[in-house]
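final_35.txt (compact mmCIF, C-alpha atoms and all ligand atoms)
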# COMPACT_ATOMS: atom_id res chain seq x y z
CA MET W 1 -4.07 -16.46 -32.96
CA LEU W 2 -6.91 -16.17 -30.48
CA LEU W 3 -7.27 -12.39 -30.88
CA GLU W 4 -6.80 -12.00 -34.64
CA GLY W 5 -8.28 -8.70 -35.79
CA LYS W 6 -9.26 -7.49 -32.32
CA ARG W 7 -8.39 -4.01 -31.04
CA VAL W 8 -7.26 -4.27 -27.41
CA LEU W 9 -6.80 -1.25 -25.09
CA ILE W 10 -4.67 -1.65 -21.95
CA THR W 11 -4.02 0.87 -19.17
CA GLY W 12 -0.71 0.99 -17.32
CA ALA W 13 1.09 -0.80 -20.13
CA SER W 14 4.59 0.56 -19.51
CA ARG W 15 5.78 -2.35 -17.39
CA GLY W 16 4.85 -5.39 -15.31
CA ILE W 17 1.53 -7.11 -15.89
CA GLY W 18 0.27 -4.45 -18.34
CA ARG W 19 3.29 -4.89 -20.60
CA ALA W 20 2.93 -8.69 -20.54
CA ILE W 21 -0.75 -8.37 -21.48
CA ALA W 22 0.11 -6.06 -24.39
CA VAL W 23 2.77 -8.46 -25.70
CA GLU W 24 0.63 -11.59 -25.34
CA CYS W 25 -2.37 -9.92 -26.99
CA ALA W 26 -0.20 -8.80 -29.92
CA ARG W 27 1.30 -12.30 -30.18
CA GLN W 28 -2.27 -13.59 -30.46
CA GLY W 29 -2.97 -11.26 -33.39
CA ALA W 30 -4.41 -8.15 -31.72
CA ASP W 31 -3.65 -4.52 -32.47
CA VAL W 32 -3.06 -2.69 -29.21
CA ALA W 33 -3.54 0.76 -27.69
CA LEU W 34 -1.42 1.46 -24.63
CA ASN W 35 -2.08 3.97 -21.86
CA TRP W 36 0.94 4.97 -19.77
CA PHE W 37 1.84 7.61 -17.21
CA LYS W 38 5.17 9.24 -16.27
CA ASP W 39 7.22 6.27 -17.49
CA ARG W 40 8.64 7.11 -20.93
CA ALA W 41 11.48 4.60 -20.59
CA GLY W 42 9.02 1.88 -19.63
CA ILE W 43 6.63 2.46 -22.53
CA ASP W 44 9.61 2.57 -24.93
CA ALA W 45 10.64 -0.87 -23.67
CA THR W 46 7.07 -2.14 -24.20
CA LEU W 47 7.08 -0.71 -27.75
CA ALA W 48 10.43 -2.41 -28.44
CA GLU W 49 9.00 -5.79 -27.39
CA LEU W 50 5.94 -5.25 -29.59
CA GLU W 51 7.85 -4.11 -32.67
CA PRO W 52 8.86 -7.56 -34.01
CA LEU W 53 5.27 -8.81 -33.68
CA GLY W 54 4.18 -6.52 -36.53
CA ARG W 55 0.83 -5.39 -35.13
CA ARG W 56 -0.53 -1.83 -35.09
CA VAL W 57 0.33 -0.05 -31.84
CA VAL W 58 -0.63 3.34 -30.44
CA GLU W 59 0.54 4.78 -27.14
CA VAL W 60 -1.23 7.56 -25.24
CA GLU W 61 0.05 9.21 -22.08
CA GLY W 62 -2.52 9.97 -19.38
CA ASP W 63 -3.22 9.73 -15.66
CA VAL W 64 -6.09 7.25 -15.34
CA ALA W 65 -7.29 9.07 -12.20
CA LEU W 66 -8.61 11.86 -14.45
CA ALA W 67 -11.87 11.27 -16.31
CA GLU W 68 -10.58 13.19 -19.35
CA SER W 69 -7.70 10.71 -19.77
CA ALA W 70 -10.26 7.98 -20.47
CA GLU W 71 -12.03 9.95 -23.20
CA ARG W 72 -8.71 10.89 -24.81
CA PHE W 73 -7.39 7.33 -24.68
CA VAL W 74 -10.47 5.79 -26.28
CA ALA W 75 -10.71 8.58 -28.89
CA ARG W 76 -7.04 8.11 -29.90
CA ALA W 77 -7.45 4.33 -30.06
CA VAL W 78 -10.52 4.69 -32.29
CA ALA W 79 -8.81 7.25 -34.51
CA THR W 80 -5.76 5.00 -34.97
CA LEU W 81 -7.10 1.46 -34.82
CA GLY W 82 -10.69 2.06 -36.00
CA GLY W 83 -12.51 0.80 -32.87
CA VAL W 84 -12.37 -0.99 -29.53
CA ASP W 85 -13.08 -4.71 -29.07
CA VAL W 86 -11.39 -5.40 -25.73
CA PHE W 87 -10.54 -3.11 -22.84
CA VAL W 88 -8.20 -4.13 -19.99
CA SER W 89 -8.15 -1.95 -16.86
CA ASN W 90 -4.73 -2.74 -15.42
CA ALA W 91 -3.10 0.48 -14.14
CA GLY W 92 -2.71 0.44 -10.40
CA VAL W 93 -0.60 1.46 -7.43
CA CYS W 94 0.03 -0.13 -4.03
CA PRO W 95 2.10 2.06 -1.73
CA PHE W 96 2.53 -0.36 1.21
CA HIS W 97 1.62 1.56 4.39
CA ALA W 98 0.63 0.74 7.99
CA PHE W 99 -3.12 1.40 8.42
CA LEU W 100 -2.89 3.57 11.54
CA GLU W 101 -0.23 5.79 9.95
CA THR W 102 -1.61 6.10 6.40
CA PRO W 103 -2.16 9.77 5.52
CA PRO W 104 -5.36 10.78 3.69
CA GLU W 105 -3.40 11.67 0.50
CA VAL W 106 -2.12 8.08 0.16
CA PHE W 107 -5.61 6.64 0.62
CA GLU W 108 -7.17 9.14 -1.77
CA ARG W 109 -4.58 8.71 -4.52
CA THR W 110 -4.81 4.92 -4.32
CA MET W 111 -8.60 5.10 -4.63
CA ALA W 112 -8.36 7.65 -7.45
CA VAL W 113 -5.95 5.61 -9.56
CA ASN W 114 -7.17 2.08 -8.88
CA LEU W 115 -10.92 2.53 -8.56
CA HIS W 116 -11.93 5.87 -10.08
CA GLY W 117 -9.50 5.27 -12.93
CA ALA W 118 -10.94 1.83 -13.63
CA TYR W 119 -14.47 3.28 -13.55
CA TYR W 120 -13.83 6.16 -15.99
CA MET W 121 -11.81 4.05 -18.38
CA THR W 122 -14.30 1.18 -18.36
CA GLN W 123 -17.20 3.58 -18.94
CA SER W 124 -15.49 5.27 -21.90
CA ALA W 125 -14.55 1.96 -23.51
CA ALA W 126 -18.06 0.57 -22.96
CA ARG W 127 -19.69 3.65 -24.53
CA GLN W 128 -17.56 3.13 -27.62
CA MET W 129 -18.45 -0.59 -27.74
CA ARG W 130 -22.15 0.23 -27.46
CA ALA W 131 -21.84 2.73 -30.32
CA GLN W 132 -20.09 0.11 -32.48
CA GLY W 133 -22.92 -2.37 -31.78
CA ARG W 134 -20.76 -5.50 -32.02
CA GLY W 135 -20.29 -6.32 -28.33
CA GLY W 136 -16.89 -6.62 -26.71
CA ALA W 137 -14.98 -7.67 -23.62
CA LEU W 138 -14.04 -5.66 -20.54
CA ILE W 139 -11.45 -7.12 -18.17
CA ALA W 140 -10.35 -5.61 -14.85
CA ILE W 141 -7.12 -6.61 -13.17
CA SER W 142 -8.47 -7.04 -9.66
CA SER W 143 -6.48 -9.17 -7.18
CA ILE W 144 -6.53 -11.98 -4.68
CA SER W 145 -6.67 -8.90 -2.41
CA ALA W 146 -10.33 -8.49 -3.38
CA LEU W 147 -10.97 -11.61 -1.31
CA VAL W 148 -8.47 -11.36 1.56
CA GLY W 149 -6.85 -8.59 3.56
CA GLY W 150 -3.27 -7.36 3.65
CA GLY W 151 -1.64 -5.87 6.74
CA LEU W 152 -0.10 -2.90 4.94
CA GLN W 153 -2.82 -2.68 2.29
CA ALA W 154 -5.96 -1.33 3.99
CA HIS W 155 -6.10 1.52 1.45
CA TYR W 156 -5.46 -0.88 -1.47
CA THR W 157 -7.56 -4.03 -0.93
CA PRO W 158 -10.89 -2.11 -1.05
CA THR W 159 -9.94 -0.80 -4.50
CA LYS W 160 -9.39 -4.35 -5.75
CA ALA W 161 -12.71 -5.52 -4.27
CA GLY W 162 -14.18 -2.42 -5.92
CA VAL W 163 -13.01 -3.19 -9.44
CA HIS W 164 -14.31 -6.73 -9.13
CA SER W 165 -17.67 -5.34 -8.04
CA LEU W 166 -17.53 -2.89 -10.95
CA MET W 167 -17.19 -5.80 -13.40
CA GLN W 168 -20.13 -7.62 -11.77
CA SER W 169 -22.42 -4.59 -12.13
CA CYS W 170 -21.14 -3.88 -15.64
CA ALA W 171 -21.89 -7.49 -16.62
CA ILE W 172 -25.55 -6.78 -15.84
CA ALA W 173 -25.63 -3.30 -17.40
CA LEU W 174 -23.78 -4.30 -20.56
CA GLY W 175 -24.93 -7.89 -21.16
CA PRO W 176 -27.78 -6.63 -23.38
CA HIS W 177 -25.11 -4.99 -25.59
CA GLY W 178 -23.14 -8.23 -25.89
CA ILE W 179 -20.32 -6.80 -23.77
CA ARG W 180 -18.77 -9.35 -21.39
CA CYS W 181 -17.20 -8.10 -18.14
CA ASN W 182 -14.84 -10.16 -16.00
CA SER W 183 -12.06 -9.72 -13.50
CA VAL W 184 -8.73 -11.43 -13.14
CA MET W 185 -7.37 -11.86 -9.62
CA PRO W 186 -3.60 -12.28 -9.62
CA GLY W 187 -1.90 -13.61 -6.50
CA THR W 188 1.64 -12.43 -5.84
CA ILE W 189 3.33 -11.61 -9.13
CA GLU W 190 6.88 -10.26 -9.13
CA THR W 191 6.83 -6.71 -10.49
CA ASP W 192 7.92 -3.23 -9.46
CA ILE W 193 4.77 -2.84 -7.35
CA ASN W 194 6.05 -5.29 -4.71
CA ARG W 195 9.81 -5.17 -5.30
CA GLU W 196 10.47 -3.51 -1.94
CA ASP W 197 7.99 -5.70 -0.06
CA LEU W 198 9.54 -8.89 -1.42
CA ALA W 199 13.10 -7.65 -0.88
CA ASP W 200 12.71 -8.84 2.72
CA PRO W 201 13.98 -12.46 2.44
CA ALA W 202 11.72 -13.65 5.27
CA LYS W 203 8.61 -12.19 3.62
CA ARG W 204 9.57 -13.64 0.25
CA ALA W 205 10.21 -17.12 1.67
CA TYR W 206 6.88 -16.97 3.53
CA MET W 207 4.99 -16.08 0.34
CA GLU W 208 6.74 -18.79 -1.68
CA ARG W 209 5.97 -21.40 0.99
CA ARG W 210 2.28 -20.54 0.85
CA ILE W 211 1.97 -21.08 -2.91
CA PRO W 212 1.16 -24.73 -3.83
CA LEU W 213 2.77 -24.35 -7.27
CA GLY W 214 5.97 -23.41 -5.44
CA ARG W 215 6.86 -20.06 -7.00
CA LEU W 216 5.80 -16.45 -7.20
CA GLY W 217 3.93 -15.49 -10.36
CA GLU W 218 5.36 -13.85 -13.49
CA PRO W 219 3.47 -11.18 -15.46
CA ARG W 220 2.93 -13.58 -18.38
CA ASP W 221 1.07 -15.98 -16.06
CA VAL W 222 -1.62 -13.30 -15.80
CA ALA W 223 -1.53 -12.40 -19.50
CA GLY W 224 -2.63 -15.90 -20.58
CA CYS W 225 -5.81 -15.63 -18.55
CA VAL W 226 -6.54 -12.18 -19.97
CA VAL W 227 -6.17 -13.51 -23.52
CA PHE W 228 -8.68 -16.28 -22.76
CA LEU W 229 -11.26 -13.85 -21.32
CA ALA W 230 -10.72 -11.45 -24.23
CA SER W 231 -11.15 -14.20 -26.82
CA ASP W 232 -14.27 -15.76 -28.30
CA LEU W 233 -13.42 -18.95 -26.39
CA ALA W 234 -14.92 -17.13 -23.38
CA ARG W 235 -18.07 -16.10 -25.28
CA TYR W 236 -20.43 -17.24 -22.46
CA VAL W 237 -18.28 -16.00 -19.57
CA THR W 238 -19.40 -12.75 -17.95
CA GLY W 239 -19.53 -11.49 -14.37
CA ALA W 240 -16.83 -13.99 -13.44
CA ALA W 241 -13.53 -13.71 -11.59
CA VAL W 242 -10.52 -15.92 -12.21
CA LEU W 243 -7.80 -16.33 -9.61
CA VAL W 244 -4.31 -16.58 -11.13
CA ASP W 245 -2.36 -17.25 -7.95
CA GLY W 246 -0.64 -20.65 -8.09
CA GLY W 247 -3.15 -21.84 -5.47
CA LEU W 248 -2.25 -19.21 -2.85
CA PHE W 249 -5.87 -18.40 -1.95
CA VAL W 250 -6.97 -21.94 -1.12
CA ASN W 251 -3.88 -22.79 0.92
CA LEU W 252 -5.17 -22.48 4.47
CA GLN W 253 -3.41 -25.55 5.92
P1 LIG W 301 3.72 -2.23 -11.86
O1 LIG W 301 4.05 -1.18 -10.87
O2 LIG W 301 4.82 -2.97 -12.51
O3 LIG W 301 2.80 -1.63 -13.02
C1 LIG W 301 1.78 -0.69 -12.77
C2 LIG W 301 1.51 0.06 -14.05
O4 LIG W 301 0.48 1.03 -13.81
C3 LIG W 301 2.75 0.84 -14.52
O5 LIG W 301 2.83 0.78 -15.92
C4 LIG W 301 2.45 2.26 -14.04
O6 LIG W 301 3.10 3.26 -14.79
C5 LIG W 301 0.94 2.30 -14.27
N1 LIG W 301 0.30 3.39 -13.55
C6 LIG W 301 0.43 3.72 -12.23
N2 LIG W 301 -0.29 4.82 -11.96
C7 LIG W 301 -0.89 5.18 -13.12
C8 LIG W 301 -1.76 6.24 -13.48
N3 LIG W 301 -2.17 7.13 -12.58
N4 LIG W 301 -2.20 6.31 -14.76
C9 LIG W 301 -1.79 5.42 -15.68
N5 LIG W 301 -0.95 4.39 -15.41
C10 LIG W 301 -0.52 4.28 -14.14
O7 LIG W 301 2.74 -3.24 -11.11
P2 LIG W 301 1.91 -4.51 -11.65
O8 LIG W 301 2.11 -5.58 -10.65
O9 LIG W 301 2.19 -4.79 -13.09
O10 LIG W 301 0.43 -3.98 -11.47
C11 LIG W 301 -0.55 -3.99 -12.49
C12 LIG W 301 -1.92 -4.26 -11.88
O11 LIG W 301 -1.92 -5.58 -11.32
C13 LIG W 301 -2.30 -3.32 -10.73
O12 LIG W 301 -3.64 -2.92 -10.87
C14 LIG W 301 -2.14 -4.18 -9.48
O13 LIG W 301 -3.01 -3.80 -8.45
C15 LIG W 301 -2.52 -5.54 -10.05
N6 LIG W 301 -2.04 -6.66 -9.24
C16 LIG W 301 -0.70 -6.89 -9.08
C17 LIG W 301 -0.28 -7.97 -8.31
C18 LIG W 301 1.16 -8.30 -8.10
O14 LIG W 301 1.44 -9.13 -7.22
N7 LIG W 301 2.08 -7.71 -8.83
C19 LIG W 301 -1.24 -8.81 -7.73
C20 LIG W 301 -2.58 -8.53 -7.90
C21 LIG W 301 -2.98 -7.47 -8.67
C1 LIG W 302 -1.59 -7.87 -4.74
C2 LIG W 302 -1.26 -8.90 -3.69
C3 LIG W 302 0.21 -9.15 -3.75
C4 LIG W 302 0.96 -7.85 -3.61
C5 LIG W 302 0.48 -6.88 -4.64
C6 LIG W 302 1.13 -5.53 -4.52
O1 LIG W 302 -2.92 -7.54 -4.82
O2 LIG W 302 -1.62 -8.42 -2.42
O3 LIG W 302 0.61 -10.07 -2.76
O4 LIG W 302 2.34 -8.10 -3.76
O5 LIG W 302 -0.89 -6.69 -4.53
Write the structure described by the file as C-alpha cells, please.
Ligand code: NAD
Ligand code: RM4
Amino acid sequence: MLLEGKRVLITGASRGIGRAIAVECARQGADVALNWFKDRAGIDATLAELEPLGRRVVEVEGDVALAESAERFVARAVATLGGVDVFVSNAGVCPFHAFLETPPEVFERTMAVNLHGAYYMTQSAARQMRAQGRGGALIAISSISALVGGGLQAHYTPTKAGVHSLMQSCAIALGPHGIRCNSVMPGTIETDINREDLADPAKRAYMERRIPLGRLGEPRDVAGCVVFLASDLARYVTGAAVLVDGGLFVNLQ
C-alpha cells in the first residue's frame, strides 16, 4: 500500500496508460480523481475496474487543451476528495502524419492537448498543493519520443520533449514547496494510440526486434513506475526522467 491515504489526479484516464495508472494507484491505497474527454464508455470501464478496490473515485469530463478544464478538475477533486497529493499528466494524442503533409490544425491540436494541456493542469494542481502546504508529486507522461525522433511524429515528439522540460523547470520552481516533479518516458506500449501503426505486421515485428526485453509494453508496465514516483519511496527524486521501454532506447546495435 505505497499510496495509502494519497489523493491522486490523472488526466486521460478513460483507457490505456491512464486507466492502468488509476487502477494501480487505487490498488496501492490511493483515492483517485479522473479526467476524461469524449469517451463515456471508456471511463465507465475504468470505473468498473476501480469499483472492487473500494477507494473513493471522482470523474470529471473536460478537454485538457482548455485552461478552464484544469481549474474545474482540481476544484472538483478537492471538493470530493479533500485535496491533491499527486497529479499525473497523462492525456495525449498522436495522430501519425507525414511531416511534409501535416496540416496546421493537426500540429496545433497536438500541441494544445499534449503540451498546453499538461501546462495548465500541472499549474492548477501545483497551486492547490502550494495552498495545502504539505508538498506533493507531479508526474508527466512524456515519452522515449522526448529523446529520439519519429518519422510520422514531427508534430508529436516536440510535445513530449516539452512536457519533460516542463517537469524540469517545475522541479526548480516547486522544490521550495516540497513538490517533486518527474517525467516517465514510456517506449512503445500497446494502446489505442498506436493500434493502427502497429497493425502493419512489418512495423510491429521491427519494433519487437528492437526491444531487448523482447516484447512491446503493456499499460501496467508504466503504472508501476508512476506509483514509485508518486510514493514516499521517491522522496529525494525530482527533476528526473525514467525510461520505461524494455531497453528500446539503448539498443543501437
Ligand atoms: P490512449 O489513446 O489509449 O489514451 C489517451 C487518453 O487521453 C484517452 O483516455 C483519451 O480519451 C485521453 N485524451 C485525449 N485527448 C484528450 C483531451 N483533449 N482531454 C482529455 N483527455 C484526452 O493512449 P495511451 O498510449 O494510453 O497514451 C497516454 C499517454 O502516454 C499519452 O500522453 C501518450 O503520448 C503517452 N505515451 C504513450 C506511448 C505508447 O506507446 N502508447 C508511449 C509513450 C508515451
Ligand atoms: C510514443 C512512441 C511509441 C508510439 C507512441 C504513439 O511516444 O513513439 O513508439 O507508438 O508514441
Counting only C-alpha atoms and all ligand atoms, which protein, DNA or RNA residues come within 8 Å of ligand LIG 302 (chain W), given as a PDB file with C-alpha atoms, keeping the file's coordinate frame?
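part_14.pdb written:
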ATOM      1  CA  VAL W  93      -0.600   1.460  -7.430  1.00  0.00           C
ATOM      2  CA  CYS W  94       0.030  -0.130  -4.030  1.00  0.00           C
ATOM      3  CA  PHE W  96       2.530  -0.360   1.210  1.00  0.00           C
ATOM      4  CA  SER W 142      -8.470  -7.040  -9.660  1.00  0.00           C
ATOM      5  CA  SER W 143      -6.480  -9.170  -7.180  1.00  0.00           C
ATOM      6  CA  ILE W 144      -6.530 -11.980  -4.680  1.00  0.00           C
ATOM      7  CA  SER W 145      -6.670  -8.900  -2.410  1.00  0.00           C
ATOM      8  CA  ALA W 146     -10.330  -8.490  -3.380  1.00  0.00           C
ATOM      9  CA  GLY W 149      -6.850  -8.590   3.560  1.00  0.00           C
ATOM     10  CA  GLY W 150      -3.270  -7.360   3.650  1.00  0.00           C
ATOM     11  CA  GLN W 153      -2.820  -2.680   2.290  1.00  0.00           C
ATOM     12  CA  TYR W 156      -5.460  -0.880  -1.470  1.00  0.00           C
ATOM     13  CA  THR W 157      -7.560  -4.030  -0.930  1.00  0.00           C
ATOM     14  CA  LYS W 160      -9.390  -4.350  -5.750  1.00  0.00           C
ATOM     15  CA  MET W 185      -7.370 -11.860  -9.620  1.00  0.00           C
ATOM     16  CA  PRO W 186      -3.600 -12.280  -9.620  1.00  0.00           C
ATOM     17  CA  GLY W 187      -1.900 -13.610  -6.500  1.00  0.00           C
ATOM     18  CA  THR W 188       1.640 -12.430  -5.840  1.00  0.00           C
ATOM     19  CA  ILE W 189       3.330 -11.610  -9.130  1.00  0.00           C
ATOM     20  CA  GLU W 190       6.880 -10.260  -9.130  1.00  0.00           C
ATOM     21  CA  ILE W 193       4.770  -2.840  -7.350  1.00  0.00           C
ATOM     22  CA  ASN W 194       6.050  -5.290  -4.710  1.00  0.00           C
ATOM     23  CA  ASP W 197       7.990  -5.700  -0.060  1.00  0.00           C
ATOM     24  CA  LEU W 198       9.540  -8.890  -1.420  1.00  0.00           C
TER      25      LEU W 198
END
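For the choices W:Ala91, W:Leu138, W:Ile10, W:Leu248, the atom-to-atom distance to ligand LIG 301 (chain W) is smallest for W:Ala91 when using only C-alpha atoms and all ligand atoms.
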Counting only C-alpha atoms, I want the residues whose atoms come within 10 Å of (0.0, -6.4, -22.8) in the file frame, returned as a tab-separated table (two decimals) with C-alpha atoms, keeping the file's coordinate frame.
chain	number	residue	atom	x	y	z
W	8	VAL	CA	-7.26	-4.27	-27.41
W	9	LEU	CA	-6.80	-1.25	-25.09
W	10	ILE	CA	-4.67	-1.65	-21.95
W	11	THR	CA	-4.02	0.87	-19.17
W	12	GLY	CA	-0.71	0.99	-17.32
W	13	ALA	CA	1.09	-0.80	-20.13
W	14	SER	CA	4.59	0.56	-19.51
W	15	ARG	CA	5.78	-2.35	-17.39
W	16	GLY	CA	4.85	-5.39	-15.31
W	17	ILE	CA	1.53	-7.11	-15.89
W	18	GLY	CA	0.27	-4.45	-18.34
W	19	ARG	CA	3.29	-4.89	-20.60
W	20	ALA	CA	2.93	-8.69	-20.54
W	21	ILE	CA	-0.75	-8.37	-21.48
W	22	ALA	CA	0.11	-6.06	-24.39
W	23	VAL	CA	2.77	-8.46	-25.70
W	24	GLU	CA	0.63	-11.59	-25.34
W	25	CYS	CA	-2.37	-9.92	-26.99
W	26	ALA	CA	-0.20	-8.80	-29.92
W	27	ARG	CA	1.30	-12.30	-30.18
W	32	VAL	CA	-3.06	-2.69	-29.21
W	33	ALA	CA	-3.54	0.76	-27.69
W	34	LEU	CA	-1.42	1.46	-24.63
W	46	THR	CA	7.07	-2.14	-24.20
W	50	LEU	CA	5.94	-5.25	-29.59
W	88	VAL	CA	-8.20	-4.13	-19.99
W	90	ASN	CA	-4.73	-2.74	-15.42
W	219	PRO	CA	3.47	-11.18	-15.46
W	220	ARG	CA	2.93	-13.58	-18.38
W	222	VAL	CA	-1.62	-13.30	-15.80
W	223	ALA	CA	-1.53	-12.40	-19.50
W	226	VAL	CA	-6.54	-12.18	-19.97
W	227	VAL	CA	-6.17	-13.51	-23.52
May I have a table of the residues of region 149-192 of chain W lying at most 10 Å from region 236-240 of chain W, giving each one's closest pair of atoms and their distance in Å to one decimal, counting all atoms listed in the file, ordered by chain and ascending residue number, as a tab-separated table?
residue	atom	partner	partner_atom	distance
W:His164	CA	W:Gly239	CA	8.8
W:Ser165	CA	W:Gly239	CA	9.0
W:Leu166	CA	W:Gly239	CA	9.5
W:Met167	CA	W:Gly239	CA	6.2
W:Gln168	CA	W:Gly239	CA	4.7
W:Ser169	CA	W:Gly239	CA	7.8
W:Cys170	CA	W:Gly239	CA	7.9
W:Ala171	CA	W:Gly239	CA	5.2
W:Ile172	CA	W:Gly239	CA	7.8
W:Leu174	CA	W:Thr238	CA	9.9
W:Gly175	CA	W:Thr238	CA	8.0
W:Gly178	CA	W:Thr238	CA	9.9
W:Ile179	CA	W:Thr238	CA	8.4
W:Arg180	CA	W:Thr238	CA	4.9
W:Cys181	CA	W:Thr238	CA	5.1
W:Asn182	CA	W:Ala240	CA	5.0
W:Ser183	CA	W:Ala240	CA	6.4
W:Val184	CA	W:Ala240	CA	8.5
Selected residues, C-alpha atoms, written as a short mmCIF file (atom, residue, chain, number, x, y, z; two decimals), keeping the file's coordinate frame, please.
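Output file again_14.cif follows:
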data_model
loop_
_atom_site.label_atom_id
_atom_site.label_comp_id
_atom_site.auth_asym_id
_atom_site.auth_seq_id
_atom_site.Cartn_x
_atom_site.Cartn_y
_atom_site.Cartn_z
CA HIS W 164 -14.31 -6.73 -9.13
CA SER W 165 -17.67 -5.34 -8.04
CA LEU W 166 -17.53 -2.89 -10.95
CA MET W 167 -17.19 -5.80 -13.40
CA GLN W 168 -20.13 -7.62 -11.77
CA SER W 169 -22.42 -4.59 -12.13
CA CYS W 170 -21.14 -3.88 -15.64
CA ALA W 171 -21.89 -7.49 -16.62
CA ILE W 172 -25.55 -6.78 -15.84
CA LEU W 174 -23.78 -4.30 -20.56
CA GLY W 175 -24.93 -7.89 -21.16
CA GLY W 178 -23.14 -8.23 -25.89
CA ILE W 179 -20.32 -6.80 -23.77
CA ARG W 180 -18.77 -9.35 -21.39
CA CYS W 181 -17.20 -8.10 -18.14
CA ASN W 182 -14.84 -10.16 -16.00
CA SER W 183 -12.06 -9.72 -13.50
CA VAL W 184 -8.73 -11.43 -13.14
#
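Counting all atoms listed in the file, the residue from W:Glu68, W:Asp63, W:Asp232, W:Asp31 that sits nearest to ligand LIG 301 (chain W) is W:Asp63.
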To box ligand LIG 301 (chain W), take all atoms listed in the file, fit an axis-aligned box, add 4 Å on each side, and give centre and edge lengths in Å to one decimal, as JSON.
{"center_x": 0.6, "center_y": -1.0, "center_z": -11.6, "size_x": 16.5, "size_y": 24.3, "size_z": 16.7}
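Separating atom N7 of ligand LIG 301 (chain W) from CA of Ile141 (chain W) is a distance of 10.2 Å.
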